[in-house]
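Chemist: Got a structure here, written out as structure tokens. Questions coming.
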Amino acid sequence: MSESAQLSNHVVLPWQSEQWQRLVDAKQHNRLPHALLLTGSVGLGKSHFAHLLAASLLCNDLQANDIACGTCQACRLLQAETHPDYTLIAPEEPGKAIKIDTIRAFTQRGSLTSQSGGHKVIIIEPADALNTAAANSLLKTLEEPVERTVLILVTANAGRLPATIRSRCQQYHFTPPATALATTWLNNYIKGADTALLLSLASGAPLLALKYTADGALAERTQMIEELMAILKRVNSPIGTAQRWNNLDQGNVIKWFSGWVIDLIRVKIASDAAVIINIDQRERLQALARKVNSRKLYALLDRLFEANRTLSAQLNTQMQLESLLLDWADIGVE
Ligand SMILES: [Zn+2]
């Protein structure tokens, strides 16, 4: 499910209204940047914002607050992803690089100019997937902007983009909304679910919290915690557990596992006052924290961070998981 899949292209998310207003003002004063960089963590609606802007730039019948109408011919072409002046540049496969040929195909002089005499919009997402050659090729375009052509770069990892690219874009940074706002918004979509827990697990990012309910991530996390506990009780083996986890999304596996170890460290240090991620598991964490070895916990957390950094390059995830879980099995000796 993409971030924008279940959101209307015609509604500004309540925590993005300030950024939207800034854009509308710029547009009305003819100061719209030719390149924008949308940054902030996963699940804050950067992709939604990019599509909202694309629709606004292409629509022939703008509504209040410069929101696209959704019904004119341009809007219908955009919804069908066949608008000649709209291009989405993404990796051929998720997790892979955006290559120079892809950028070249769109930076040829002709294809950068609008077909209809209006705006031309190009979204690059995730922009941190650009490999070095592709980034260099894009840089030339950024240095020689084409009138009425707007490039929108979207990334949750702005630090991975070359500084030369970042400095040529106007940055719009998104941060998690206040808990009350996020909770109210989330309750429009999920009734009766544990929104506080979901938001905590999603670091306050509302769209990520929503995704967790849709793809069963919450149940997956709970099962993983039970399996970690079963390893400590010598009921489950680290090897067997690694085998099962190897079939899951590795990004989630490392995230839930790290979150659990981080919580244990926090509870061990700050005891009752600890701010934790797994807020439904506080009692269990407190009981466990008394029995685990701090030095081993920190060492395991370092290894989990390293595993997260090398996620896309990891060839033998099963072997890595076995090794991490063997360390976990040995965590209890003080
Ligand atoms: Zn329209």
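Labeling convention for the structure tokens: chains A, B, ... as they appear, residues from 1 per chain, ligands from 1 in order of appearance.
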Let me see if you get this right: every residue at most 10 Å from ligand 1, counting only C-alpha atoms and all ligand atoms, written as a PyMOL selection string.

Modeler: chain A and resi 10+55-63+67-78

Chemist: Taking C-alpha atoms for each residue, export the selection above as a PDB file, in the first residue's frame.

Modeler:
ATOM      1  CA  HIS A  10      -7.900  16.701  -2.649  1.00  0.00           C
ATOM      2  CA  ALA A  55      -2.462  17.729  -9.041  1.00  0.00           C
ATOM      3  CA  SER A  56      -2.619  21.398  -8.092  1.00  0.00           C
ATOM      4  CA  LEU A  57      -0.079  22.359 -10.783  1.00  0.00           C
ATOM      5  CA  LEU A  58      -1.840  20.388 -13.535  1.00  0.00           C
ATOM      6  CA  CYS A  59      -5.543  20.973 -12.727  1.00  0.00           C
ATOM      7  CA  ASN A  60      -7.538  23.284 -15.032  1.00  0.00           C
ATOM      8  CA  ASP A  61     -10.170  24.189 -12.460  1.00  0.00           C
ATOM      9  CA  LEU A  62      -8.499  24.877  -9.109  1.00  0.00           C
ATOM     10  CA  GLN A  63     -10.711  24.970  -6.015  1.00  0.00           C
ATOM     11  CA  ILE A  67      -6.647  22.261  -4.349  1.00  0.00           C
ATOM     12  CA  ALA A  68      -7.181  20.326  -7.597  1.00  0.00           C
ATOM     13  CA  CYS A  69     -10.814  19.762  -8.629  1.00  0.00           C
ATOM     14  CA  GLY A  70     -10.463  16.038  -9.305  1.00  0.00           C
ATOM     15  CA  THR A  71     -12.931  16.094 -12.200  1.00  0.00           C
ATOM     16  CA  CYS A  72     -11.420  18.130 -15.058  1.00  0.00           C
ATOM     17  CA  GLN A  73      -9.676  16.351 -17.928  1.00  0.00           C
ATOM     18  CA  ALA A  74      -6.198  17.044 -16.502  1.00  0.00           C
ATOM     19  CA  CYS A  75      -7.204  15.628 -13.113  1.00  0.00           C
ATOM     20  CA  ARG A  76      -8.673  12.511 -14.710  1.00  0.00           C
ATOM     21  CA  LEU A  77      -5.516  11.951 -16.791  1.00  0.00           C
ATOM     22  CA  LEU A  78      -3.402  12.357 -13.668  1.00  0.00           C
TER      23      LEU A  78
END

Chemist: Where in region 127-254 of chain A does DSSP assign alpha helix (DSSP H), given as number ranges by chain?

Modeler: A: 132-143, 163-166, 179-187, 195-201, 206-214, 217-232, 238-245, 250-254

Chemist: Skipping near chain neighbours, those fewer than 3 positions away, what residues fall within 10 Å of Gly259 (chain A) using only C-alpha atoms, listed as a list in words?

Modeler: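 After dropping sequence-adjacent residues, the list is Leu201, Arg221, Val253, Ile254, Lys255, Trp256, Ile262, Asp263, Leu264, Ile265, Ile276, Ile277, Asn278, Leu301 and Leu304 of chain A.
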
Chemist: Tell me which protein, DNA and RNA residues are within 12 Å of Glu92 (chain A), counting only C-alpha atoms, leaving out same-chain ones fewer than 4 positions away, and put them as a list in words.

Modeler: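 Residues near the query, excluding close chain neighbours: Leu88, Lys96, Ala97, Ile98, Lys99, Asp101, Thr102, Glu125, Pro126, Ala129 and Leu130 of chain A.
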
Chemist: May I have the residues within 12 Å of Ser294 (chain A) as a PyMOL selection string, using only C-alpha atoms and disregarding those fewer than 6 positions away in the same chain?

Modeler: chain A and resi 261-262+264-269+288+300-301+330-334
